[in-house]
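Q: Below is a structure I'd like to ask you about.
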Amino acid sequence: MTIKEKFGNRVKELRQTHNLSQEKLALQIDMDRTYLASIESGKRNVSLENISKIANGFSISLEELFKDM
């Protein structure tokens, strides 16, 4: 499994834990839903800026975002 796939799985897991749809999370973090979907599927090489947006959207640290990857 690639790092992009591992990261995508982690984002999806957190999103589902927070009971958020892709659309709701994307709106919350000012990101296009299709872009978020491509992150979750491991097809997108995510920028540091967008990684930070995702962590902030879940109100967690970057360290927590990458935990258990």
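Residues in the structure tokens are named by chain (A, B, ... in the order shown) and by number from 1 within that chain; ligands are numbered from 1 in the order shown.
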I want to know what sits within 10 Å of Leu65 in chain A, based on only C-alpha atoms, with residues of the same chain fewer than 5 positions away left out; could you give that as a list in words?

A: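 Final neighbour list, sorted by chain and number: Phe7, Arg10, Val11, Leu14, Ile51, Ser52, Ile54, Ala55, Asn56, Phe58, Ser59 and Ile60 of chain A.
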
Q: Write a file of the just-selected residues containing N, CA, C and O atoms, as an mmCIF file, in the first residue's frame.

A:
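Contents of again.cif, as written:
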```cif
data_model
loop_
_atom_site.group_PDB
_atom_site.id
_atom_site.type_symbol
_atom_site.label_atom_id
_atom_site.label_comp_id
_atom_site.auth_asym_id
_atom_site.auth_seq_id
_atom_site.Cartn_x
_atom_site.Cartn_y
_atom_site.Cartn_z
ATOM 1 N N PHE A 7 -2.695 7.402 3.658
ATOM 2 C CA PHE A 7 -3.213 8.699 4.094
ATOM 3 C C PHE A 7 -4.702 8.817 3.747
ATOM 4 O O PHE A 7 -5.509 9.263 4.565
ATOM 5 N N ARG A 10 -6.757 6.892 6.142
ATOM 6 C CA ARG A 10 -6.814 7.569 7.447
ATOM 7 C C ARG A 10 -7.831 8.703 7.420
ATOM 8 O O ARG A 10 -8.624 8.860 8.356
ATOM 9 N N VAL A 11 -7.820 9.488 6.356
ATOM 10 C CA VAL A 11 -8.782 10.591 6.236
ATOM 11 C C VAL A 11 -10.211 10.049 6.202
ATOM 12 O O VAL A 11 -11.097 10.550 6.902
ATOM 13 N N LEU A 14 -11.256 8.832 9.688
ATOM 14 C CA LEU A 14 -11.571 9.959 10.575
ATOM 15 C C LEU A 14 -12.900 10.610 10.190
ATOM 16 O O LEU A 14 -13.701 10.957 11.051
ATOM 17 N N ILE A 51 -3.120 19.252 3.779
ATOM 18 C CA ILE A 51 -3.014 18.348 4.924
ATOM 19 C C ILE A 51 -3.371 19.107 6.199
ATOM 20 O O ILE A 51 -4.107 18.604 7.053
ATOM 21 N N SER A 52 -2.888 20.330 6.305
ATOM 22 C CA SER A 52 -3.202 21.166 7.466
ATOM 23 C C SER A 52 -4.693 21.472 7.538
ATOM 24 O O SER A 52 -5.292 21.423 8.613
ATOM 25 N N ILE A 54 -7.112 19.628 6.453
ATOM 26 C CA ILE A 54 -7.793 18.398 6.861
ATOM 27 C C ILE A 54 -7.680 18.204 8.372
ATOM 28 O O ILE A 54 -8.677 17.932 9.050
ATOM 29 N N ALA A 55 -6.475 18.356 8.905
ATOM 30 C CA ALA A 55 -6.285 18.211 10.357
ATOM 31 C C ALA A 55 -7.137 19.218 11.109
ATOM 32 O O ALA A 55 -7.804 18.874 12.091
ATOM 33 N N ASN A 56 -7.143 20.461 10.655
ATOM 34 C CA ASN A 56 -7.953 21.499 11.306
ATOM 35 C C ASN A 56 -9.437 21.184 11.214
ATOM 36 O O ASN A 56 -10.192 21.469 12.153
ATOM 37 N N PHE A 58 -10.795 18.338 11.383
ATOM 38 C CA PHE A 58 -11.101 17.343 12.406
ATOM 39 C C PHE A 58 -10.734 17.833 13.802
ATOM 40 O O PHE A 58 -10.913 17.105 14.782
ATOM 41 N N SER A 59 -10.192 19.038 13.899
ATOM 42 C CA SER A 59 -9.730 19.621 15.172
ATOM 43 C C SER A 59 -8.705 18.719 15.855
ATOM 44 O O SER A 59 -8.795 18.448 17.058
ATOM 45 N N ILE A 60 -7.768 18.225 15.052
ATOM 46 C CA ILE A 60 -6.702 17.390 15.587
ATOM 47 C C ILE A 60 -5.356 17.939 15.116
ATOM 48 O O ILE A 60 -5.289 18.721 14.175
#
```

Q: For CA of Ser41 in chain A and CA of Gly57 in chain A, quote the distance in Å rounded to one decimal.

A: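 According to the coordinates, CA of Ser41 in chain A and CA of Gly57 in chain A are separated by 18.6 Å.
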
Q: Separation of CA of Leu36 in chain A and CA of Leu62 in chain A, in Å?

A: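 Interatomic distance here is 17.2 Å.
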
Q: Which residues are close to Met31 in chain A, i.e. within 12 Å by only C-alpha atoms, leaving aside same-chain residues fewer than 4 positions away? Reply as a ChimeraX atom specification.

A: /A:22-27,35-39,46,49-54,57

Q: Extract, using only C-alpha atoms, all DNA, RNA and protein residues at most 7 Å from Lys4 in chain A, discarding same-chain residues fewer than 4 positions from it, and format them as a VMD selection string.

A: chain A and resid 8 42 to 45

Q: Dump N, CA, C and O atoms for the selected residues as a CSV table (one decimal), in the first residue's frame?

A:
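And here is the file that came out, out01.csv:
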```
chain,number,residue,atom,x,y,z
A,8,GLY,N,-5.1,8.4,2.6
A,8,GLY,CA,-6.5,8.4,2.1
A,8,GLY,C,-7.4,7.6,3.0
A,8,GLY,O,-8.5,8.0,3.4
A,42,GLY,N,-6.6,7.6,-2.6
A,42,GLY,CA,-5.2,7.5,-2.7
A,42,GLY,C,-4.6,7.9,-4.0
A,42,GLY,O,-3.5,7.5,-4.4
A,43,LYS,N,-5.4,8.7,-4.8
A,43,LYS,CA,-5.0,9.1,-6.1
A,43,LYS,C,-4.4,10.5,-6.2
A,43,LYS,O,-3.9,10.9,-7.2
A,44,ARG,N,-4.4,11.2,-5.1
A,44,ARG,CA,-3.9,12.6,-5.0
A,44,ARG,C,-2.7,12.7,-4.1
A,44,ARG,O,-2.7,12.2,-3.0
A,45,ASN,N,-1.7,13.4,-4.6
A,45,ASN,CA,-0.5,13.8,-3.9
A,45,ASN,C,-0.9,15.1,-3.2
A,45,ASN,O,-0.9,16.2,-3.8
```
